[in-house]
$ cat model32.cif   # mmCIF, C-alpha atoms
data_entry
#
loop_
_atom_site.group_PDB
_atom_site.id
_atom_site.type_symbol
_atom_site.label_atom_id
_atom_site.label_comp_id
_atom_site.auth_asym_id
_atom_site.auth_seq_id
_atom_site.Cartn_x
_atom_site.Cartn_y
_atom_site.Cartn_z
ATOM 1 C CA MET T 1158 3.566 35.616 -16.597
ATOM 2 C CA GLU T 1159 0.894 33.117 -17.505
ATOM 3 C CA SER T 1160 -2.630 34.026 -16.422
ATOM 4 C CA THR T 1161 -5.478 31.555 -16.150
ATOM 5 C CA ALA T 1162 -8.978 32.689 -15.206
ATOM 6 C CA GLY T 1163 -11.532 30.423 -13.583
ATOM 7 C CA ALA T 1164 -13.249 29.402 -10.383
ATOM 8 C CA GLY T 1165 -12.071 26.661 -8.081
ATOM 9 C CA GLN T 1166 -9.569 26.607 -5.228
ATOM 10 C CA LEU T 1167 -5.839 27.057 -4.792
ATOM 11 C CA LEU T 1168 -4.840 24.051 -2.671
ATOM 12 C CA ALA T 1169 -1.560 22.898 -1.141
ATOM 13 C CA ILE T 1170 0.141 19.855 0.323
ATOM 14 C CA SER T 1171 3.731 18.895 1.136
ATOM 15 C CA ASP T 1172 5.894 16.176 2.651
ATOM 16 C CA LEU T 1173 4.024 13.350 0.969
ATOM 17 C CA HIS T 1174 6.893 10.902 1.589
ATOM 18 C CA ILE T 1175 5.367 8.247 -0.622
ATOM 19 C CA SER T 1176 8.053 5.668 0.125
ATOM 20 C CA TYR T 1177 5.675 4.838 2.980
ATOM 21 C CA PRO T 1178 2.855 2.680 1.514
ATOM 22 C CA GLU T 1179 0.294 4.437 3.728
ATOM 23 C CA ASN T 1180 1.300 7.801 2.285
ATOM 24 C CA ARG T 1181 1.221 6.484 -1.260
ATOM 25 C CA GLU T 1182 -2.364 5.415 -0.610
ATOM 26 C CA LEU T 1183 -3.170 8.980 0.478
ATOM 27 C CA VAL T 1184 -1.917 10.304 -2.863
ATOM 28 C CA GLU T 1185 -3.949 7.694 -4.738
ATOM 29 C CA LYS T 1186 -7.073 9.096 -3.052
ATOM 30 C CA MET T 1187 -6.350 12.801 -3.627
ATOM 31 C CA ARG T 1188 -8.865 14.496 -5.905
ATOM 32 C CA PRO T 1189 -9.724 18.120 -6.724
ATOM 33 C CA GLY T 1190 -13.023 19.571 -5.597
ATOM 34 C CA THR T 1191 -13.625 21.256 -8.971
ATOM 35 C CA ASP T 1192 -12.199 21.077 -12.475
ATOM 36 C CA ASP T 1193 -10.476 24.426 -11.869
ATOM 37 C CA ASP T 1194 -8.493 23.529 -8.737
ATOM 38 C CA TRP T 1195 -4.739 24.151 -8.641
ATOM 39 C CA LEU T 1196 -2.435 22.202 -6.328
ATOM 40 C CA ILE T 1197 0.868 23.339 -4.801
ATOM 41 C CA VAL T 1198 3.191 20.459 -3.851
ATOM 42 C CA ALA T 1199 5.753 22.059 -1.522
ATOM 43 C CA GLY T 1200 8.487 19.459 -1.506
ATOM 44 C CA ASP T 1201 9.523 16.109 -0.044
ATOM 45 C CA VAL T 1202 7.563 13.995 -2.472
ATOM 46 C CA ALA T 1203 10.014 11.082 -2.293
ATOM 47 C CA GLU T 1204 13.665 10.047 -2.363
ATOM 48 C CA THR T 1205 13.711 8.480 -5.843
ATOM 49 C CA VAL T 1206 13.070 10.034 -9.222
ATOM 50 C CA ALA T 1207 10.666 7.206 -10.115
ATOM 51 C CA ASP T 1208 8.484 7.935 -7.072
ATOM 52 C CA ILE T 1209 8.562 11.662 -7.739
ATOM 53 C CA ARG T 1210 7.515 11.025 -11.331
ATOM 54 C CA TRP T 1211 4.634 8.768 -10.288
ATOM 55 C CA THR T 1212 3.334 11.308 -7.780
ATOM 56 C CA LEU T 1213 3.532 14.392 -9.976
ATOM 57 C CA GLU T 1214 2.168 12.544 -12.994
ATOM 58 C CA THR T 1215 -0.750 11.224 -10.934
ATOM 59 C CA LEU T 1216 -1.623 14.648 -9.532
ATOM 60 C CA ALA T 1217 -1.065 16.497 -12.828
ATOM 61 C CA GLY T 1218 -3.636 14.196 -14.411
ATOM 62 C CA ARG T 1219 -6.262 15.271 -11.889
ATOM 63 C CA PHE T 1220 -5.716 18.961 -11.127
ATOM 64 C CA SER T 1221 -6.016 21.891 -13.511
ATOM 65 C CA LYS T 1222 -2.474 22.956 -12.605
ATOM 66 C CA VAL T 1223 0.193 21.491 -10.314
ATOM 67 C CA LEU T 1224 3.104 23.540 -8.978
ATOM 68 C CA TRP T 1225 6.145 21.870 -7.391
ATOM 69 C CA ALA T 1226 8.918 23.190 -5.186
ATOM 70 C CA PRO T 1227 11.717 20.796 -4.212
ATOM 71 C CA GLY T 1228 12.229 19.552 -0.699
ATOM 72 C CA ASN T 1229 15.452 18.224 0.710
ATOM 73 C CA HIS T 1230 14.360 14.581 0.281
ATOM 74 C CA ASP T 1231 13.679 15.196 -3.422
ATOM 75 C CA LEU T 1232 17.272 16.410 -3.787
ATOM 76 C CA TRP T 1233 18.923 13.560 -1.901
ATOM 77 C CA THR T 1234 21.222 11.273 -3.855
ATOM 78 C CA HIS T 1235 19.823 8.209 -2.127
ATOM 79 C CA PRO T 1236 21.538 4.811 -2.353
ATOM 80 C CA LYS T 1237 18.185 3.247 -3.313
ATOM 81 C CA ASP T 1238 17.770 5.544 -6.340
ATOM 82 C CA PRO T 1239 19.330 4.333 -9.620
ATOM 83 C CA VAL T 1240 19.481 8.008 -10.664
ATOM 84 C CA THR T 1241 22.813 9.022 -9.145
ATOM 85 C CA LEU T 1242 22.812 12.695 -10.135
ATOM 86 C CA ARG T 1243 23.962 15.100 -7.436
ATOM 87 C CA GLY T 1244 23.239 18.704 -6.529
ATOM 88 C CA VAL T 1245 22.333 21.094 -9.320
ATOM 89 C CA ALA T 1246 22.301 18.289 -11.903
ATOM 90 C CA ARG T 1247 19.684 16.408 -9.893
ATOM 91 C CA TYR T 1248 17.575 19.529 -9.445
ATOM 92 C CA GLU T 1249 17.724 20.309 -13.162
ATOM 93 C CA HIS T 1250 16.759 16.720 -13.942
ATOM 94 C CA LEU T 1251 13.654 17.144 -11.769
ATOM 95 C CA VAL T 1252 12.851 20.467 -13.464
ATOM 96 C CA ASP T 1253 13.006 18.716 -16.831
ATOM 97 C CA LEU T 1254 10.707 16.020 -15.453
ATOM 98 C CA CYS T 1255 8.208 18.677 -14.360
ATOM 99 C CA ARG T 1256 8.235 20.266 -17.792
ATOM 100 C CA GLU T 1257 7.638 16.881 -19.399
ATOM 101 C CA LEU T 1258 4.594 16.417 -17.153
ATOM 102 C CA GLY T 1259 3.275 19.990 -17.454
ATOM 103 C CA VAL T 1260 4.052 20.780 -13.799
ATOM 104 C CA VAL T 1261 5.195 24.303 -12.880
ATOM 105 C CA SER T 1262 8.656 24.391 -11.269
ATOM 106 C CA PRO T 1263 10.616 27.256 -9.684
ATOM 107 C CA GLU T 1264 12.339 27.764 -13.052
ATOM 108 C CA ASP T 1265 9.119 28.537 -14.943
ATOM 109 C CA PRO T 1266 7.107 31.760 -15.281
ATOM 110 C CA TYR T 1267 4.998 32.350 -12.186
ATOM 111 C CA PRO T 1268 1.346 31.681 -13.032
ATOM 112 C CA VAL T 1269 -1.361 34.084 -11.879
ATOM 113 C CA TRP T 1270 -4.283 32.620 -9.957
ATOM 114 C CA GLU T 1271 -7.402 34.502 -11.050
ATOM 115 C CA GLY T 1272 -9.944 32.346 -9.269
ATOM 116 C CA PRO T 1273 -11.626 33.267 -5.972
ATOM 117 C CA GLY T 1274 -9.262 35.332 -3.851
ATOM 118 C CA GLY T 1275 -7.172 36.359 -6.869
ATOM 119 C CA PRO T 1276 -5.482 37.695 -8.781
ATOM 120 C CA VAL T 1277 -2.225 36.619 -7.134
ATOM 121 C CA ALA T 1278 1.076 35.436 -8.588
ATOM 122 C CA VAL T 1279 1.870 31.940 -7.309
ATOM 123 C CA ALA T 1280 5.619 31.431 -7.043
ATOM 124 C CA PRO T 1281 7.114 28.022 -6.233
ATOM 125 C CA LEU T 1282 10.447 28.646 -4.516
ATOM 126 C CA PHE T 1283 13.708 26.747 -4.269
ATOM 127 C CA LEU T 1284 15.896 28.472 -1.669
ATOM 128 C CA LEU T 1285 17.529 25.849 0.594
ATOM 129 C CA TYR T 1286 19.125 26.961 3.909
ATOM 130 C CA ASP T 1287 22.414 28.416 5.089
ATOM 131 C CA TYR T 1288 22.644 27.374 8.775
ATOM 132 C CA SER T 1289 21.763 30.917 9.890
ATOM 133 C CA PHE T 1290 18.958 29.658 12.172
ATOM 134 C CA LEU T 1291 21.569 28.828 14.812
ATOM 135 C CA PRO T 1292 20.883 27.199 18.192
ATOM 136 C CA ALA T 1293 20.907 29.506 21.204
ATOM 137 C CA GLY T 1294 24.436 30.236 22.350
ATOM 138 C CA CYS T 1295 26.036 29.323 19.014
ATOM 139 C CA ALA T 1296 27.677 32.021 16.896
ATOM 140 C CA THR T 1297 28.830 30.028 13.847
ATOM 141 C CA LYS T 1298 27.770 27.100 11.674
ATOM 142 C CA GLU T 1299 30.620 25.054 13.117
ATOM 143 C CA GLU T 1300 29.441 25.669 16.676
ATOM 144 C CA GLY T 1301 25.865 24.874 15.691
ATOM 145 C CA LEU T 1302 26.786 21.608 13.981
ATOM 146 C CA ALA T 1303 28.963 20.570 16.923
ATOM 147 C CA TYR T 1304 26.041 21.201 19.256
ATOM 148 C CA ALA T 1305 23.655 19.259 16.998
ATOM 149 C CA HIS T 1306 26.025 16.297 16.775
ATOM 150 C CA GLY T 1307 26.268 16.373 20.569
ATOM 151 C CA THR T 1308 22.495 16.027 20.888
ATOM 152 C CA GLY T 1309 22.222 13.414 18.121
ATOM 153 C CA ILE T 1310 19.819 15.586 16.082
ATOM 154 C CA VAL T 1311 21.493 15.898 12.690
ATOM 155 C CA CYS T 1312 19.630 16.196 9.391
ATOM 156 C CA ASN T 1313 20.376 13.433 6.882
ATOM 157 C CA ASP T 1314 21.087 16.191 4.357
ATOM 158 C CA GLU T 1315 24.605 16.194 5.794
ATOM 159 C CA TYR T 1316 25.127 12.816 4.143
ATOM 160 C CA LEU T 1317 22.703 12.756 1.186
ATOM 161 C CA LEU T 1318 22.102 16.290 -0.131
ATOM 162 C CA HIS T 1319 25.127 17.299 -2.197
ATOM 163 C CA PRO T 1320 25.605 20.903 -3.407
ATOM 164 C CA ASP T 1321 27.717 20.116 -6.512
ATOM 165 C CA PRO T 1322 29.104 22.142 -8.184
ATOM 166 C CA TYR T 1323 28.815 24.628 -5.303
ATOM 167 C CA PRO T 1324 31.363 24.143 -2.509
ATOM 168 C CA THR T 1325 28.694 24.080 0.212
ATOM 169 C CA ARG T 1326 24.924 23.966 0.656
ATOM 170 C CA GLU T 1327 25.000 27.518 2.005
ATOM 171 C CA ASP T 1328 26.711 28.706 -1.192
ATOM 172 C CA TRP T 1329 23.954 27.057 -3.222
ATOM 173 C CA CYS T 1330 21.364 28.658 -0.942
ATOM 174 C CA ARG T 1331 22.779 32.143 -1.432
ATOM 175 C CA ALA T 1332 22.822 31.723 -5.193
ATOM 176 C CA ARG T 1333 19.201 30.548 -5.127
ATOM 177 C CA VAL T 1334 18.148 33.471 -2.906
ATOM 178 C CA GLU T 1335 19.813 36.019 -5.205
ATOM 179 C CA ALA T 1336 18.278 34.567 -8.374
ATOM 180 C CA THR T 1337 14.803 34.237 -6.854
ATOM 181 C CA GLU T 1338 14.912 37.707 -5.347
ATOM 182 C CA ARG T 1339 15.573 39.184 -8.784
ATOM 183 C CA ARG T 1340 12.621 37.355 -10.299
ATOM 184 C CA LEU T 1341 10.216 38.331 -7.531
ATOM 185 C CA ALA T 1342 11.292 41.967 -7.819
ATOM 186 C CA GLU T 1343 10.234 41.905 -11.480
ATOM 187 C CA LEU T 1344 6.593 41.125 -10.631
ATOM 188 C CA PRO T 1345 4.089 43.983 -11.044
ATOM 189 C CA GLY T 1346 4.158 46.146 -7.926
ATOM 190 C CA GLU T 1347 0.417 45.943 -7.375
ATOM 191 C CA LEU T 1348 0.160 42.151 -7.656
ATOM 192 C CA PRO T 1349 -0.090 40.144 -4.397
ATOM 193 C CA THR T 1350 1.765 36.848 -4.181
ATOM 194 C CA VAL T 1351 1.536 33.369 -2.742
ATOM 195 C CA LEU T 1352 5.098 32.228 -2.101
ATOM 196 C CA ALA T 1353 5.367 28.448 -1.783
ATOM 197 C CA GLY T 1354 8.568 26.689 -0.812
ATOM 198 C CA HIS T 1355 9.685 23.776 1.279
ATOM 199 C CA TYR T 1356 11.131 26.051 3.971
ATOM 200 C CA PRO T 1357 9.468 28.990 5.752
ATOM 201 C CA LEU T 1358 10.698 32.458 4.832
ATOM 202 C CA ASP T 1359 11.009 33.422 8.487
ATOM 203 C CA ARG T 1360 12.354 31.562 11.492
ATOM 204 C CA HIS T 1361 9.280 31.929 13.716
ATOM 205 C CA PRO T 1362 7.609 28.635 12.667
ATOM 206 C CA THR T 1363 10.606 26.737 14.069
ATOM 207 C CA ASP T 1364 10.056 28.122 17.564
ATOM 208 C CA VAL T 1365 7.865 25.122 18.457
ATOM 209 C CA LEU T 1366 10.311 22.414 17.386
ATOM 210 C CA TRP T 1367 10.926 19.779 20.031
ATOM 211 C CA TYR T 1368 14.582 19.822 18.949
ATOM 212 C CA PRO T 1369 15.406 23.501 18.340
ATOM 213 C CA GLU T 1370 18.813 22.684 16.853
ATOM 214 C CA PHE T 1371 17.038 21.249 13.802
ATOM 215 C CA ALA T 1372 16.154 24.823 12.797
ATOM 216 C CA MET T 1373 19.599 25.093 11.157
ATOM 217 C CA TRP T 1374 18.252 22.989 8.282
ATOM 218 C CA CYS T 1375 15.005 24.983 7.976
ATOM 219 C CA GLY T 1376 15.733 28.196 6.097
ATOM 220 C CA THR T 1377 17.764 31.380 5.954
ATOM 221 C CA THR T 1378 17.638 34.802 7.563
ATOM 222 C CA LEU T 1379 18.190 36.264 4.065
ATOM 223 C CA THR T 1380 14.445 35.923 3.383
ATOM 224 C CA ALA T 1381 13.181 37.265 6.722
ATOM 225 C CA ASP T 1382 11.557 40.340 5.135
ATOM 226 C CA TRP T 1383 10.237 38.759 1.923
ATOM 227 C CA HIS T 1384 6.691 38.397 3.249
ATOM 228 C CA ARG T 1385 6.604 42.210 3.481
ATOM 229 C CA ARG T 1386 8.711 43.095 0.445
ATOM 230 C CA PHE T 1387 6.820 40.933 -2.015
ATOM 231 C CA ARG T 1388 3.211 41.614 -0.969
ATOM 232 C CA VAL T 1389 2.666 38.087 0.313
ATOM 233 C CA ASP T 1390 -0.922 37.018 0.817
ATOM 234 C CA THR T 1391 0.096 33.578 2.092
ATOM 235 C CA MET T 1392 3.444 31.882 2.644
ATOM 236 C CA VAL T 1393 3.074 28.117 2.030
ATOM 237 C CA TYR T 1394 5.726 25.765 3.377
ATOM 238 C CA GLY T 1395 6.320 22.279 4.788
ATOM 239 C CA HIS T 1396 9.398 20.450 6.135
ATOM 240 C CA LEU T 1397 8.570 20.794 9.829
ATOM 241 C CA HIS T 1398 5.778 18.190 9.858
ATOM 242 C CA ILE T 1399 3.762 20.572 12.046
ATOM 243 C CA PRO T 1400 0.660 21.390 9.958
ATOM 244 C CA ARG T 1401 -0.861 24.632 11.213
ATOM 245 C CA THR T 1402 -1.709 28.228 10.393
ATOM 246 C CA THR T 1403 0.174 31.105 12.002
ATOM 247 C CA TRP T 1404 0.241 34.844 11.387
ATOM 248 C CA HIS T 1405 3.432 36.904 11.340
ATOM 249 C CA GLU T 1406 3.367 40.677 10.906
ATOM 250 C CA GLY T 1407 -0.098 40.378 9.406
ATOM 251 C CA VAL T 1408 0.892 37.688 6.895
ATOM 252 C CA ARG T 1409 -0.533 34.184 6.900
ATOM 253 C CA PHE T 1410 1.929 31.283 7.054
ATOM 254 C CA GLU T 1411 0.530 27.828 6.191
ATOM 255 C CA GLU T 1412 2.454 24.660 7.007
ATOM 256 C CA VAL T 1413 0.826 22.017 4.796
ATOM 257 C CA SER T 1414 2.808 18.820 5.390
ATOM 258 C CA VAL T 1415 1.500 15.259 5.633
ATOM 259 C CA GLY T 1416 4.561 13.839 7.368
ATOM 260 C CA TYR T 1417 5.343 10.273 8.358
ATOM 261 C CA PRO T 1418 2.578 7.778 9.264
ATOM 262 C CA ARG T 1419 3.776 7.594 12.880
ATOM 263 C CA GLU T 1420 3.144 11.354 13.068
ATOM 264 C CA TRP T 1421 -0.196 11.717 11.279
ATOM 265 C CA ARG T 1422 -1.755 8.720 13.036
ATOM 266 C CA LYS T 1423 -1.637 10.715 16.289
ATOM 267 C CA ARG T 1424 -3.614 13.655 14.886
ATOM 268 C CA SER T 1425 -7.360 14.148 15.075
ATOM 269 C CA ARG T 1426 -7.609 15.512 11.527
ATOM 270 C CA PRO T 1427 -7.764 13.014 8.640
ATOM 271 C CA PRO T 1428 -4.357 12.548 6.959
ATOM 272 C CA GLY T 1429 -3.677 13.868 3.492
ATOM 273 C CA GLU T 1430 -6.212 16.698 3.549
ATOM 274 C CA LEU T 1431 -5.439 19.306 0.913
ATOM 275 C CA ARG T 1432 -5.128 22.719 2.535
ATOM 276 C CA ARG T 1433 -7.084 25.519 0.910
ATOM 277 C CA ILE T 1434 -4.945 28.616 0.381
ATOM 278 C CA LEU T 1435 -7.407 30.660 -1.719
ATOM 279 C CA PRO T 1436 -10.126 31.602 -1.194
ATOM 280 C CA MET T 1437 -9.125 31.804 2.464
ATOM 281 C CA GLU T 1438 -11.333 29.829 4.802
ATOM 282 C CA VAL T 1439 -13.414 31.894 7.206
ATOM 283 C CA GLY T 1440 -11.923 31.795 10.691
ATOM 284 C CA THR T 1441 -8.493 30.591 9.576
ATOM 285 C CA GLY T 1442 -6.140 30.765 12.519
ATOM 286 C CA ASP T 1443 -3.527 28.772 14.391
ATOM 287 C CA ARG T 1444 -4.759 25.186 14.285
ATOM 288 C CA GLY T 1445 -2.772 24.331 17.374
ATOM 289 C CA ALA T 1446 -1.205 21.147 16.037
ATOM 290 C CA ALA T 1447 1.115 19.298 18.357
ATOM 291 C CA PRO T 1448 4.774 20.096 17.706
ATOM 292 C CA GLY T 1449 6.551 17.719 15.364
ATOM 293 C CA LEU T 1450 9.874 16.116 16.063
ATOM 294 C CA GLY T 1451 11.822 18.512 13.891
ATOM 295 C CA GLY T 1452 14.266 15.762 13.038
ATOM 296 C CA GLY T 1453 14.351 12.401 14.757
ATOM 297 C CA ARG T 1454 17.375 10.205 15.256
ATOM 298 C CA GLY T 1455 16.359 7.668 12.637
ATOM 299 C CA ASP T 1456 14.706 9.712 9.875
ATOM 300 C CA ALA T 1457 15.872 13.272 10.408
ATOM 301 C CA ARG T 1458 14.146 15.510 7.908
#
$ encode --input "model32.cif" --output "structure tokens"
Amino acid sequence: MESTAGAGQLLAISDLHISYPENRELVEKMRPGTDDDWLIVAGDVAETVADIRWTLETLAGRFSKVLWAPGNHDLWTHPKDPVTLRGVARYEHLVDLCRELGVVSPEDPYPVWEGPGGPVAVAPLFLLYDYSFLPAGCATKEEGLAYAHGTGIVCNDEYLLHPDPYPTREDWCRARVEATERRLAELPGELPTVLAGHYPLDRHPTDVLWYPEFAMWCGTTLTADWHRRFRVDTMVYGHLHIPRTTWHEGVRFEEVSVGYPREWRKRSRPPGELRRILPMEVGTGDRGAAPGLGGGRGDAR
């Protein structure tokens, strides 16, 4: 593990969605507070490799260290992207891009934050989902998807996120969970962690979704105990577009997304604020943000 001492802050943001000009402007304005600040980018930067490159290169030039975990939009094979790679090949292409830019990916050694609130290992995660967050009354993925199609709330992943060479997205998810679990288990037993992925480790953050069926595309029950098993100080995630702080079994969960302009314009807090993970802000609690859509009919997450 790499270890870097210093002062500063461990910050986080996700769901930048820079294909929206307003969101791109937010990234252009993002700056660290000190020369020692690290920034976690927890997925959904953009749908094209060129936009992902621009964003990560811009932020890596400003922050002492940038860590990236992929979101579902980053992994889409979008018709507007000239890079037509699918599935694992697309993910590996983005990992290579991160290494070119000096950005930490889920495939790299987990760096240790030794600034205020440390030391903690900061682990960017790529885990996906396996449809195990089923709607009430549904016992199988097939029943859940049929229900979702009946309501019209279906994630665009069904059409754009390909699992190649895995047969299904849930197969890819299980492989990612097994590989990541092994790596986390190898960390020193006394070292706390910040686990940062696009999806929450536990289902509870999805309880406030306006469209509960969207939870199927939000994680896996296979990680439900990771916040206890791996000494988690803070679990950082995005995807839901419901920025807030919650506590689960004594562990802090931070949803750090920006979201779409139509969402952040309704909020009282300024858009694009970097969320401080460490040192923890005094009085951190549930910020009480209004529930997000959890997958709309036109731009389902």
$ closest_atom_pairs --input "model32.cif" --of "region 1198-1306 of chain T" --to "region 1396-1410 of chain T" --cutoff "10 Å" --atoms "all atoms listed in the file" --output "JSON lines"
{"residue": "T:Ala1199", "atom": "CA", "partner": "T:His1396", "partner_atom": "CA", "distance": 8.6}
{"residue": "T:Gly1200", "atom": "CA", "partner": "T:His1396", "partner_atom": "CA", "distance": 7.8}
{"residue": "T:Asp1201", "atom": "CA", "partner": "T:His1396", "partner_atom": "CA", "distance": 7.6}
{"residue": "T:Gly1228", "atom": "CA", "partner": "T:His1396", "partner_atom": "CA", "distance": 7.5}
{"residue": "T:Asn1229", "atom": "CA", "partner": "T:His1396", "partner_atom": "CA", "distance": 8.4}
{"residue": "T:His1230", "atom": "CA", "partner": "T:His1396", "partner_atom": "CA", "distance": 9.7}
$ resolve_selection --input "model32.cif" --expression "the PyMOL selection byres ((chain T and resi 1293-1309) around 8)" --output "list in words"
Tyr1288, Ser1289, Leu1291, Pro1292, Ile1310, Val1311, Glu1370, Phe1371, Met1373 and Arg1454 of chain T
$ closest_residue --input "model32.cif" --among "T:Lys1186, T:Arg1433, T:Arg1181, T:His1174" --to "Val1202 (chain T)" --atoms "only C-alpha atoms"
T:His1174
$ closest_residue --input "model32.cif" --among "T:Asp1238, T:Asp1328, T:Glu1271, T:Glu1179" --to "Trp1195 (chain T)" --atoms "all atoms listed in the file"
T:Glu1271
$ closest_residue --input "model32.cif" --among "T:Asp1231, T:Glu1335, T:Glu1315, T:Asp1192" --to "Gly1218 (chain T)" --atoms "all atoms listed in the file"
T:Asp1192
$ axis_aligned_box --input "model32.cif" --around "region 1357-1360 of chain T" --padding-each-side "6 Å" --output "AutoDock Vina command-line options"
--center_x 10.9 --center_y 31.2 --center_z 8.2 --size_x 14.9 --size_y 16.4 --size_z 18.7
$ atom_distance --input "model32.cif" --atom1 "CA of Trp1367 (chain T)" --atom2 "CA of Gly1395 (chain T)"
16.1 Å
$ atom_distance --input "model32.cif" --atom1 "CA of Glu1411 (chain T)" --atom2 "CA of Arg1432 (chain T)"
8.5 Å
$ closest_residue --input "model32.cif" --among "T:Phe1290, T:Tyr1248, T:Phe1387, T:Trp1211" --to "Pro1227 (chain T)" --atoms "all atoms listed in the file"
T:Tyr1248
$ atom_distance --input "model32.cif" --atom1 "CA of Val1261 (chain T)" --atom2 "CA of Leu1224 (chain T)"
4.5 Å
$ residues_near_point --input "model32.cif" --point "(-10.5, 33.1, 1.4)" --cutoff "12 Å" --atoms "all atoms listed in the file" --output "CSV table (one decimal) with C-alpha atoms, in the frame of the given file"
chain,number,residue,atom,x,y,z
T,1165,GLY,CA,-12.1,26.7,-8.1
T,1166,GLN,CA,-9.6,26.6,-5.2
T,1167,LEU,CA,-5.8,27.1,-4.8
T,1168,LEU,CA,-4.8,24.1,-2.7
T,1272,GLY,CA,-9.9,32.3,-9.3
T,1273,PRO,CA,-11.6,33.3,-6.0
T,1274,GLY,CA,-9.3,35.3,-3.9
T,1275,GLY,CA,-7.2,36.4,-6.9
T,1390,ASP,CA,-0.9,37.0,0.8
T,1391,THR,CA,0.1,33.6,2.1
T,1409,ARG,CA,-0.5,34.2,6.9
T,1432,ARG,CA,-5.1,22.7,2.5
T,1433,ARG,CA,-7.1,25.5,0.9
T,1434,ILE,CA,-4.9,28.6,0.4
T,1435,LEU,CA,-7.4,30.7,-1.7
T,1436,PRO,CA,-10.1,31.6,-1.2
T,1437,MET,CA,-9.1,31.8,2.5
T,1438,GLU,CA,-11.3,29.8,4.8
T,1439,VAL,CA,-13.4,31.9,7.2
T,1440,GLY,CA,-11.9,31.8,10.7
T,1441,THR,CA,-8.5,30.6,9.6
$ closest_residue --input "model32.cif" --among "T:Ala1203, T:Asn1180, T:Leu1232, T:Asp1194" --to "Trp1421 (chain T)" --atoms "only C-alpha atoms"
T:Asn1180
$ resolve_selection --input "model32.cif" --expression "the PyMOL selection byres ((chain T and resi 1380-1385) around 12)" --output "number ranges by chain"
T: 1282-1287, 1289-1290, 1330-1331, 1333-1335, 1337-1339, 1341-1342, 1349-1354, 1356-1362, 1375-1379, 1386-1393, 1404-1410
$ closest_residue --input "model32.cif" --among "T:Ala1164, T:Val1260, T:Met1187, T:Leu1251" --to "Ala1217 (chain T)" --atoms "only C-alpha atoms"
T:Val1260
